[in-house]
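One file, coords-v6.cif, carrying mmCIF, C-alpha atoms:
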```
data_model
loop_
_atom_site.label_atom_id
_atom_site.label_comp_id
_atom_site.auth_asym_id
_atom_site.auth_seq_id
_atom_site.Cartn_x
_atom_site.Cartn_y
_atom_site.Cartn_z
CA ASN A 154 -55.65 105.02 -78.71
CA LYS A 155 -55.86 108.23 -76.69
CA PHE A 156 -58.48 106.71 -74.40
CA GLU A 157 -56.35 103.81 -73.21
CA LYS A 158 -55.43 103.82 -69.52
CA PRO A 159 -52.14 105.67 -69.00
CA ASN A 160 -49.22 104.26 -67.10
CA PRO A 161 -50.37 104.46 -63.46
CA PRO A 162 -47.34 106.15 -61.82
CA SER A 163 -47.00 108.96 -64.37
CA PHE A 164 -50.77 109.38 -64.59
CA ALA A 165 -51.05 109.80 -60.85
CA MET A 166 -48.28 112.38 -60.69
CA GLU A 167 -49.58 114.26 -63.73
CA MET A 168 -53.15 114.40 -62.44
CA ASN A 169 -52.27 115.32 -58.88
CA GLY A 170 -49.35 117.59 -59.64
CA LYS A 171 -47.27 116.01 -56.87
CA GLU A 172 -45.71 112.80 -55.71
CA ALA A 173 -47.98 109.85 -55.06
CA PRO A 174 -49.29 109.68 -51.48
CA VAL A 175 -47.35 107.49 -49.09
CA GLY A 176 -48.69 103.95 -49.08
CA THR A 177 -50.07 103.96 -52.62
CA ASP A 178 -49.19 100.93 -54.73
CA TYR A 179 -49.64 102.26 -58.28
CA GLU A 180 -47.97 99.23 -59.79
CA ASN A 181 -51.06 97.19 -58.97
CA ASN A 182 -53.49 100.13 -59.03
CA ARG A 183 -54.55 99.71 -55.40
CA PRO A 184 -53.60 101.04 -51.97
CA SER A 185 -50.80 99.14 -50.30
CA PRO A 186 -51.32 97.51 -46.88
CA ASP A 187 -49.52 100.53 -45.37
CA ALA A 188 -51.93 103.05 -46.95
CA PRO A 189 -53.57 105.73 -44.80
CA THR A 190 -56.76 104.57 -43.15
CA ALA A 191 -58.90 107.67 -43.73
CA PRO A 192 -62.52 106.43 -43.67
CA GLU A 193 -63.46 107.90 -47.05
CA VAL A 194 -60.43 106.23 -48.68
CA ASN A 195 -61.14 102.83 -47.16
CA GLN A 196 -64.83 102.99 -48.10
CA TRP A 197 -63.96 104.00 -51.67
CA THR A 198 -61.44 101.17 -51.95
CA THR A 199 -64.06 98.68 -50.76
CA LEU A 200 -66.69 100.04 -53.14
CA MET A 201 -64.46 99.79 -56.21
CA ALA A 202 -63.42 96.25 -55.26
CA ASP A 203 -67.01 95.07 -54.71
CA GLY A 204 -69.10 93.37 -57.33
CA THR A 205 -71.57 95.61 -59.13
CA ASN A 206 -74.63 94.16 -57.43
CA ALA A 207 -73.12 94.98 -54.04
CA ALA A 208 -72.27 98.48 -55.22
CA ILE A 209 -75.83 99.27 -56.29
CA HIS A 210 -77.56 97.13 -53.65
CA ARG A 211 -79.64 95.21 -56.19
CA PRO A 212 -78.66 91.52 -55.98
CA GLY A 213 -80.35 88.71 -57.83
CA LYS A 214 -80.25 90.16 -61.35
CA GLU A 215 -77.98 87.48 -62.81
CA MET A 216 -79.08 85.86 -66.07
CA THR A 217 -77.55 84.15 -69.06
CA ILE A 218 -76.72 86.14 -72.18
CA GLU A 219 -79.45 84.31 -74.08
CA GLU A 220 -82.07 85.11 -71.45
CA GLY A 221 -80.98 88.73 -71.29
CA MET A 222 -81.09 89.23 -75.05
CA GLU A 223 -84.51 87.59 -75.37
CA ILE A 224 -85.96 89.90 -72.70
CA LEU A 225 -84.31 92.94 -74.27
CA TYR A 226 -85.54 92.20 -77.78
CA ASN A 227 -89.05 91.56 -76.49
CA ASP A 228 -88.96 94.92 -74.72
CA LEU A 229 -87.84 96.69 -77.89
CA ARG A 230 -90.59 94.99 -79.92
CA ASP A 231 -93.06 96.25 -77.31
CA MET A 232 -92.40 99.89 -78.25
CA SER A 233 -95.42 101.70 -79.67
CA TYR A 234 -95.69 104.01 -82.65
CA TYR A 235 -95.52 106.97 -80.22
CA ASP A 236 -92.37 105.50 -78.60
CA ASN A 237 -90.65 105.19 -81.97
CA GLU A 238 -91.63 108.76 -82.83
CA GLN A 239 -90.04 109.95 -79.58
CA VAL A 240 -86.86 107.99 -80.31
CA GLU A 241 -86.65 109.64 -83.74
CA MET A 242 -87.13 113.06 -82.16
CA TYR A 243 -84.22 112.49 -79.78
CA TRP A 244 -82.19 110.96 -82.59
CA ASP A 245 -82.61 114.13 -84.65
CA LYS A 246 -80.76 115.97 -81.86
CA ILE A 247 -77.96 113.43 -81.48
CA MET A 248 -77.25 112.32 -85.05
CA PRO A 249 -75.78 115.60 -86.41
CA THR A 250 -73.27 115.70 -83.54
CA ILE A 251 -71.80 112.20 -84.07
CA CYS A 252 -71.14 112.12 -87.81
CA TYR A 253 -67.40 112.09 -87.04
CA LEU A 254 -67.78 108.52 -85.71
CA GLY A 255 -68.71 106.88 -89.02
CA THR A 256 -71.83 105.06 -90.26
CA LYS A 257 -71.25 101.79 -88.40
CA ASN A 258 -70.80 103.49 -85.03
CA VAL A 259 -73.73 105.84 -85.65
CA ALA A 260 -76.01 102.81 -86.08
CA LYS A 261 -74.78 101.37 -82.76
CA ILE A 262 -75.44 104.65 -80.99
CA LYS A 263 -79.00 104.72 -82.32
CA ASN A 264 -79.51 101.22 -80.90
CA ALA A 265 -78.21 102.49 -77.55
CA LEU A 266 -80.71 105.35 -77.71
CA ARG A 267 -83.56 102.88 -78.35
CA VAL A 268 -82.49 100.73 -75.41
CA ALA A 269 -82.13 103.77 -73.13
CA TYR A 270 -85.55 105.08 -74.16
CA ARG A 271 -87.23 101.72 -73.57
CA ALA A 272 -85.47 101.22 -70.23
CA HIS A 273 -86.43 104.68 -68.91
CA ARG A 274 -89.91 104.74 -70.46
CA GLY A 275 -92.39 106.13 -67.95
CA GLN A 276 -89.71 107.58 -65.65
CA MET A 277 -89.81 111.33 -65.02
CA ARG A 278 -87.30 113.87 -63.70
CA LYS A 279 -88.00 116.40 -60.96
CA SER A 280 -88.64 118.93 -63.72
CA GLY A 281 -91.54 116.83 -64.99
CA GLU A 282 -89.67 115.97 -68.20
CA PRO A 283 -89.16 112.38 -69.39
CA PHE A 284 -86.07 110.93 -67.71
CA VAL A 285 -84.54 109.90 -71.04
CA ILE A 286 -83.82 113.58 -71.76
CA HIS A 287 -80.98 113.34 -69.22
CA PRO A 288 -78.96 110.55 -70.92
CA VAL A 289 -79.60 112.20 -74.28
CA GLU A 290 -78.11 115.47 -73.00
CA VAL A 291 -75.16 113.57 -71.47
CA ALA A 292 -74.51 111.93 -74.85
CA LEU A 293 -74.62 115.35 -76.53
CA LEU A 294 -72.06 116.72 -74.08
CA LEU A 295 -69.79 113.74 -74.79
CA SER A 296 -70.13 114.17 -78.54
CA GLU A 297 -69.15 117.85 -78.16
CA LEU A 298 -65.87 116.54 -76.71
CA LYS A 299 -65.54 114.24 -79.75
CA MET A 300 -65.47 111.17 -77.53
CA ASP A 301 -65.43 107.70 -79.10
CA ALA A 302 -68.56 105.69 -79.86
CA GLU A 303 -68.26 103.49 -76.75
CA THR A 304 -68.23 106.56 -74.50
CA VAL A 305 -71.26 108.12 -76.22
CA MET A 306 -73.17 104.84 -75.91
CA ALA A 307 -72.18 104.57 -72.26
CA GLY A 308 -73.48 108.11 -71.76
CA LEU A 309 -76.87 107.05 -73.10
CA LEU A 310 -76.94 103.94 -70.92
CA HIS A 311 -75.22 105.21 -67.76
CA ASP A 312 -78.33 105.22 -65.55
CA THR A 313 -80.05 102.15 -66.95
CA VAL A 314 -78.71 99.42 -64.68
CA GLU A 315 -79.09 101.39 -61.46
CA ASP A 316 -82.50 102.88 -62.24
CA THR A 317 -84.21 100.30 -64.47
CA ASP A 318 -84.46 96.53 -64.97
CA LEU A 319 -81.66 96.46 -67.54
CA THR A 320 -78.67 94.35 -66.50
CA PHE A 321 -74.96 94.49 -67.24
CA THR A 322 -75.33 91.13 -68.97
CA GLN A 323 -77.73 92.72 -71.45
CA VAL A 324 -75.54 95.80 -71.91
CA GLU A 325 -72.48 93.68 -72.63
CA ALA A 326 -74.32 91.30 -74.95
CA MET A 327 -75.68 94.13 -77.10
CA PHE A 328 -72.94 96.74 -76.95
CA GLY A 329 -69.76 94.93 -75.90
CA LYS A 330 -67.43 94.69 -72.92
CA THR A 331 -66.06 98.23 -73.19
CA VAL A 332 -69.46 99.92 -72.97
CA LYS A 333 -70.44 97.61 -70.13
CA ALA A 334 -67.22 98.44 -68.25
CA ILE A 335 -67.75 102.20 -68.60
CA VAL A 336 -71.38 101.96 -67.48
CA GLU A 337 -70.40 99.75 -64.56
CA GLY A 338 -67.58 102.10 -63.55
CA GLU A 339 -69.86 105.13 -63.73
CA THR A 340 -72.43 103.33 -61.58
CA LYS A 341 -69.79 102.73 -58.93
CA VAL A 342 -68.16 106.16 -58.99
CA SER A 343 -71.59 107.76 -58.61
CA LYS A 344 -71.33 106.60 -55.00
CA LEU A 345 -68.27 108.81 -54.41
CA PRO A 346 -70.03 111.88 -52.93
CA LYS A 347 -72.01 109.66 -50.55
CA LEU A 348 -68.72 108.69 -48.88
CA ALA A 349 -68.18 112.29 -47.83
CA PHE A 350 -70.05 113.80 -44.93
CA ASN A 351 -71.29 117.25 -44.03
CA GLY A 352 -68.46 119.63 -43.26
CA TYR A 353 -65.71 117.41 -44.66
CA ALA A 354 -62.30 119.06 -44.72
CA ASP A 355 -60.33 120.04 -47.81
CA GLU A 356 -57.85 117.20 -47.32
CA GLN A 357 -60.71 114.69 -47.24
CA ALA A 358 -62.09 116.07 -50.50
CA GLU A 359 -58.59 115.75 -51.94
CA ASN A 360 -58.41 112.13 -50.75
CA LEU A 361 -61.67 111.44 -52.56
CA ARG A 362 -60.44 113.09 -55.76
CA GLN A 363 -57.19 111.13 -55.67
CA MET A 364 -58.93 107.83 -55.05
CA PHE A 365 -61.43 108.61 -57.80
CA VAL A 366 -58.58 108.92 -60.31
CA ALA A 367 -56.29 106.18 -58.98
CA MET A 368 -58.95 103.47 -58.80
CA THR A 369 -60.82 104.17 -62.03
CA GLU A 370 -59.66 101.66 -64.61
CA ASP A 371 -60.60 103.78 -67.64
CA TYR A 372 -60.76 107.54 -67.36
CA ARG A 373 -63.60 107.64 -69.89
CA ILE A 374 -65.61 106.70 -66.79
CA ILE A 375 -64.64 110.03 -65.21
CA ILE A 376 -65.59 111.94 -68.35
CA VAL A 377 -69.04 110.30 -68.47
CA LYS A 378 -69.51 111.14 -64.79
CA LEU A 379 -68.50 114.76 -65.38
CA ALA A 380 -70.99 115.07 -68.26
CA ASP A 381 -73.66 113.51 -66.04
CA ARG A 382 -72.92 116.01 -63.26
CA LEU A 383 -72.85 118.97 -65.65
CA HIS A 384 -76.33 118.26 -66.99
CA ASN A 385 -77.62 117.69 -63.46
CA MET A 386 -76.21 121.09 -62.48
CA ARG A 387 -77.99 122.68 -65.43
CA THR A 388 -81.31 121.38 -64.10
CA LEU A 389 -80.58 121.91 -60.39
CA ARG A 390 -83.23 124.63 -60.10
CA HIS A 391 -85.87 121.91 -59.85
CA MET A 392 -84.37 120.59 -56.60
CA LYS A 393 -85.11 121.78 -53.06
CA PRO A 394 -82.70 124.43 -51.68
CA ALA A 395 -80.99 122.02 -49.26
CA LYS A 396 -80.33 119.58 -52.11
CA GLN A 397 -79.06 122.41 -54.30
CA GLN A 398 -76.55 123.38 -51.61
CA LYS A 399 -75.36 119.81 -51.04
CA ILE A 400 -74.92 119.00 -54.73
CA SER A 401 -73.24 122.34 -55.43
CA ARG A 402 -70.75 121.81 -52.60
CA GLU A 403 -69.89 118.33 -53.93
CA THR A 404 -69.49 119.78 -57.41
CA LEU A 405 -67.24 122.64 -56.35
CA ASP A 406 -65.06 120.47 -54.08
CA ILE A 407 -64.82 117.27 -56.13
CA PHE A 408 -66.07 117.42 -59.71
CA ALA A 409 -64.93 120.86 -60.89
CA PRO A 410 -61.32 120.11 -59.78
CA LEU A 411 -61.51 116.77 -61.59
CA ALA A 412 -62.65 118.51 -64.78
CA HIS A 413 -59.69 120.87 -64.36
CA ARG A 414 -57.27 117.96 -63.99
CA MET A 415 -58.74 116.26 -67.05
CA GLY A 416 -58.25 119.48 -69.02
CA ILE A 417 -61.96 119.82 -69.83
CA TRP A 418 -62.05 123.56 -69.32
CA GLN A 419 -65.58 124.15 -70.59
CA PHE A 420 -66.93 121.66 -68.04
CA LYS A 421 -64.77 123.11 -65.26
CA SER A 422 -65.94 126.68 -65.84
CA GLU A 423 -69.63 125.86 -66.00
CA LEU A 424 -69.48 123.54 -62.98
CA GLU A 425 -67.76 126.24 -60.95
CA ASP A 426 -70.05 129.05 -62.09
CA THR A 427 -73.25 127.11 -61.44
CA SER A 428 -72.05 125.88 -58.04
CA PHE A 429 -71.08 129.42 -57.07
CA MET A 430 -74.55 130.66 -58.05
CA TYR A 431 -76.27 128.24 -55.64
CA LEU A 432 -73.74 128.41 -52.81
CA TYR A 433 -73.24 132.18 -52.77
CA PRO A 434 -76.31 133.71 -54.48
CA LYS A 435 -75.75 137.28 -53.22
CA GLN A 436 -72.11 137.39 -54.24
CA TYR A 437 -73.01 135.78 -57.57
CA LYS A 438 -75.60 138.49 -58.32
CA ASP A 439 -73.22 141.28 -57.33
CA LEU A 440 -70.40 139.90 -59.47
CA ASN A 441 -72.73 139.22 -62.39
CA ARG A 442 -74.00 142.82 -62.28
CA LYS A 443 -70.44 144.19 -62.32
CA LEU A 444 -69.47 141.95 -65.23
CA ARG A 445 -72.50 143.03 -67.26
CA ARG A 446 -71.64 146.67 -66.57
CA HIS A 447 -68.17 146.22 -68.07
CA GLN A 448 -69.18 143.71 -70.76
CA THR A 449 -69.64 146.29 -73.52
CA LYS A 450 -66.19 147.78 -72.90
CA PHE A 451 -64.58 144.34 -72.79
CA ARG A 452 -66.37 143.29 -75.98
CA GLU A 453 -65.22 146.41 -77.84
CA THR A 454 -61.61 145.82 -76.74
CA LEU A 455 -61.79 142.18 -77.78
CA ASP A 456 -63.30 143.03 -81.17
CA LYS A 457 -60.55 145.58 -81.85
CA SER A 458 -57.88 143.07 -80.88
CA GLN A 459 -59.39 140.39 -83.13
CA GLU A 460 -59.57 142.79 -86.05
CA ALA A 461 -55.94 143.84 -85.57
CA LEU A 462 -54.86 140.19 -85.44
CA ARG A 463 -56.89 139.38 -88.55
CA ARG A 464 -55.27 142.22 -90.52
CA THR A 465 -51.82 141.15 -89.39
CA LEU A 466 -52.40 137.54 -90.47
CA GLU A 467 -53.86 138.60 -93.84
CA SER A 468 -50.89 140.86 -94.58
CA ASP A 469 -48.36 138.18 -93.66
CA PRO A 470 -46.84 136.81 -96.91
#
```
Represent the supplied structure as structure tokens.
Amino acid sequence: NKFEKPNPPSFAMEMNGKEAPVGTDYENNRPSPDAPTAPEVNQWTTLMADGTNAAIHRPGKEMTIEEGMEILYNDLRDMSYYDNEQVEMYWDKIMPTICYLGTKNVAKIKNALRVAYRAHRGQMRKSGEPFVIHPVEVALLLSELKMDAETVMAGLLHDTVEDTDLTFTQVEAMFGKTVKAIVEGETKVSKLPKLAFNGYADEQAENLRQMFVAMTEDYRIIIVKLADRLHNMRTLRHMKPAKQQKISRETLDIFAPLAHRMGIWQFKSELEDTSFMYLYPKQYKDLNRKLRRHQTKFRETLDKSQEALRRTLESDP
């Protein structure tokens, strides 16, 4: 399975492109007692070791599986005709993109969509759109990467526990331990940027990136987080300028390099371009104008090259 966790030592060296930092115990996937004591590293270590309720500051949500399933099924039965119409509308967007997963998995993903819709019902984004549009778009981004069914379901459910009354008990009971683990991991790693502070240095951003990778049990968690960040960047225009700057700086320093290390080039490019647009608007406009000026010439050159390559391939016996 290509999504299984790689061997920690080789994964760390491959992702970071260098030897593991001094004091890192990759055998047990945790910092050794002699690890550096940079504040952002220590806080990240504590966060990933904490229970989920501590991580999201919402204690007291424990319940039995039976109680959780009864509440969940009652909520789903409470959906109106309009709600079901909305679910079908979103499903029409998702379904064509996940046919590669097979009929059984497609049915599970539709159930995840129903749960996500019901959990987020009534919540709105800054844009004024229904909140559920965000997890739907995250799921679409994940399906474009041909991720497995558990990852797509986790994309639909990634904000439910933190932002709604849904619990991890309910997620696990309905969708299994893997989906629950990815959602839980994404909930925790969402706290990563909050460990940084204004004006943090490059080496501190690198510490955060390294700890992000080293302490994430399943790197599908990182991919869900990157898809979440990419859609948020696409809708960043609805935020206040100060928030746009803060989020863009986090994205450029932390998430775009992670997308690069994961080899998700389409995410990396868009994250970088959008961040650059908000952080350096004048330079972005100047560069964009120059690119548009030369676009026709570049396109003609590319078309000629493609045609020459096509003729060569067709003439090859």
message = Env of Val285 (chain A): 12 Å cut, atoms = all atoms listed in the file, seq-sep filter 5 positions within chain, self excluded. Answer as a ChimeraX atom specification.
response = /A:236,239-240,242-244,265-278,290-292,308-313,316-317
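Minimum atom-to-atom distances from A:Lys341, A:Lys257, A:Lys443, A:Arg402 to Met386 (chain A) were compared using all atoms listed in the file, and the lowest value belongs to A:Arg402.
Across A:Thr331, A:Ser468, A:Gln436, A:Gln397, the tightest approach to Glu303 (chain A) is made by A:Thr331 when counting only C-alpha atoms.
Picked out by the PyMOL selection byres ((chain A and resi 248) around 10) when it runs on this file: Glu241, Tyr243, Trp244, Asp245, Lys246, Ile247, Pro249, Thr250, Ile251, Cys252, Val259, Ala260, Ile262, Lys263, Leu293 and Ser296 of chain A.
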query = Using only C-alpha atoms, which of the listed residues (A:Leu432, A:Leu379, A:Ala302, A:Leu319) sits closest to Val332 (chain A)?
reply = A:Ala302
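The closest residue to Arg390 (chain A), picked from A:Phe420, A:Leu405, A:Leu411, A:Ser280 and counting all atoms listed in the file, is A:Ser280.
The spacing separating CA of Met392 (chain A) from CA of Pro434 (chain A) amounts to 15.5 Å.
The nearest approach to Leu298 (chain A) among the residues A:Thr256, A:Thr388, A:Gln419, A:Gln323, with only C-alpha atoms taken into account, belongs to A:Gln419.
CA of Arg445 (chain A) to CA of Asn385 (chain A) spans 26.1 Å [interatomic distance, one decimal].
Nearest residue to Thr404 (chain A), choosing from A:Glu425, A:Glu467, A:Glu282, A:Glu315 and counting only C-alpha atoms: A:Glu425.
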key: Shell of 10 Å around Ala409 (chain A), all atoms listed in the file, local chain residues under 4 positions omitted, as a list of chain:residue names   = A:Leu379, A:Arg382, A:Leu383, A:Glu403, A:Thr404, A:Leu405, A:His413, A:Arg414, A:Met415, A:Ile417, A:Trp418, A:Phe420, A:Lys421, A:Ser422, A:Glu423, A:Leu424, A:Glu425, A:Asp426, A:Ser428
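For the pair CA of Val377 (chain A) and CA of Ile335 (chain A), the separation is 8.2 Å.
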query = Within 12 Å of region 439-441 of chain A, counting all atoms listed in the file, which residues qualify if same-chain residues fewer than 5 places away don't, as number ranges by chain?
reply = A: 426, 429-430, 433-434, 446-448
Keeping only C-alpha atoms, take the residues you just selected and write them out as a tab-separated table (two decimals), in the coordinates of the input.
```tsv
chain	number	residue	atom	x	y	z
A	426	ASP	CA	-70.05	129.05	-62.09
A	429	PHE	CA	-71.08	129.42	-57.07
A	430	MET	CA	-74.55	130.66	-58.05
A	433	TYR	CA	-73.24	132.18	-52.77
A	434	PRO	CA	-76.31	133.71	-54.48
A	446	ARG	CA	-71.64	146.67	-66.57
A	447	HIS	CA	-68.17	146.22	-68.07
A	448	GLN	CA	-69.18	143.71	-70.76
```
ask   = Expanded to explicit residues, what is the PyMOL selection byres ((chain A and resi 325-328) around 10) for this file, as a VMD selection string?
value = chain A and resid 217 to 219 221 to 222 225 261 to 262 264 to 265 268 303 306 to 307 320 to 324 329 to 334 336
Start from the incomplete input, build N, CA, C and O atoms for region 248-267 of chain A, and deliver everything as a compact mmCIF listing (two decimals), keeping the file's coordinate frame.
```txt
# COMPACT_ATOMS: atom_id res chain seq x y z
N MET A 248 -77.90 112.77 -83.82
CA MET A 248 -77.25 112.32 -85.05
C MET A 248 -76.31 113.35 -85.68
O MET A 248 -75.17 113.00 -86.05
N PRO A 249 -76.71 114.64 -85.78
CA PRO A 249 -75.78 115.60 -86.41
C PRO A 249 -74.48 115.79 -85.64
O PRO A 249 -73.48 116.25 -86.22
N THR A 250 -74.46 115.45 -84.37
CA THR A 250 -73.27 115.70 -83.54
C THR A 250 -72.28 114.53 -83.55
O THR A 250 -71.19 114.66 -83.00
N ILE A 251 -72.66 113.40 -84.14
CA ILE A 251 -71.80 112.20 -84.07
C ILE A 251 -71.36 111.71 -85.44
O ILE A 251 -70.87 110.59 -85.56
N CYS A 252 -71.52 112.54 -86.46
CA CYS A 252 -71.14 112.12 -87.81
C CYS A 252 -69.66 111.76 -87.90
O CYS A 252 -69.25 110.95 -88.74
N TYR A 253 -68.84 112.35 -87.03
CA TYR A 253 -67.40 112.09 -87.04
C TYR A 253 -67.06 110.64 -86.69
O TYR A 253 -65.94 110.19 -86.90
N LEU A 254 -68.04 109.88 -86.16
CA LEU A 254 -67.78 108.52 -85.71
C LEU A 254 -67.97 107.47 -86.80
O LEU A 254 -67.60 106.31 -86.61
N GLY A 255 -68.53 107.84 -87.93
CA GLY A 255 -68.71 106.88 -89.02
C GLY A 255 -70.04 106.15 -88.97
O GLY A 255 -70.66 106.02 -87.92
N THR A 256 -70.48 105.65 -90.11
CA THR A 256 -71.83 105.06 -90.26
C THR A 256 -72.05 103.88 -89.33
O THR A 256 -73.11 103.77 -88.69
N LYS A 257 -71.08 102.99 -89.23
CA LYS A 257 -71.25 101.79 -88.40
C LYS A 257 -71.47 102.16 -86.94
O LYS A 257 -72.37 101.62 -86.27
N ASN A 258 -70.67 103.08 -86.42
CA ASN A 258 -70.80 103.49 -85.03
C ASN A 258 -72.08 104.28 -84.79
O ASN A 258 -72.69 104.18 -83.72
N VAL A 259 -72.49 105.08 -85.77
CA VAL A 259 -73.73 105.84 -85.65
C VAL A 259 -74.91 104.90 -85.47
O VAL A 259 -75.81 105.15 -84.64
N ALA A 260 -74.92 103.79 -86.21
CA ALA A 260 -76.01 102.81 -86.08
C ALA A 260 -76.02 102.19 -84.68
O ALA A 260 -77.10 101.98 -84.10
N LYS A 261 -74.85 101.92 -84.11
CA LYS A 261 -74.78 101.37 -82.76
C LYS A 261 -75.32 102.37 -81.73
O LYS A 261 -76.01 101.97 -80.78
N ILE A 262 -74.98 103.63 -81.93
CA ILE A 262 -75.44 104.65 -80.99
C ILE A 262 -76.96 104.79 -81.05
O ILE A 262 -77.62 104.97 -80.02
N LYS A 263 -77.53 104.66 -82.23
CA LYS A 263 -79.00 104.72 -82.32
C LYS A 263 -79.62 103.55 -81.58
O LYS A 263 -80.66 103.69 -80.92
N ASN A 264 -79.02 102.37 -81.67
CA ASN A 264 -79.51 101.22 -80.90
C ASN A 264 -79.44 101.50 -79.40
O ASN A 264 -80.34 101.15 -78.64
N ALA A 265 -78.34 102.14 -78.97
CA ALA A 265 -78.21 102.49 -77.55
C ALA A 265 -79.30 103.47 -77.13
O ALA A 265 -79.84 103.38 -76.02
N LEU A 266 -79.63 104.41 -78.01
CA LEU A 266 -80.71 105.35 -77.71
C LEU A 266 -82.04 104.61 -77.56
O LEU A 266 -82.81 104.89 -76.63
N ARG A 267 -82.31 103.65 -78.44
CA ARG A 267 -83.56 102.88 -78.35
C ARG A 267 -83.63 102.11 -77.03
O ARG A 267 -84.68 102.08 -76.37
```
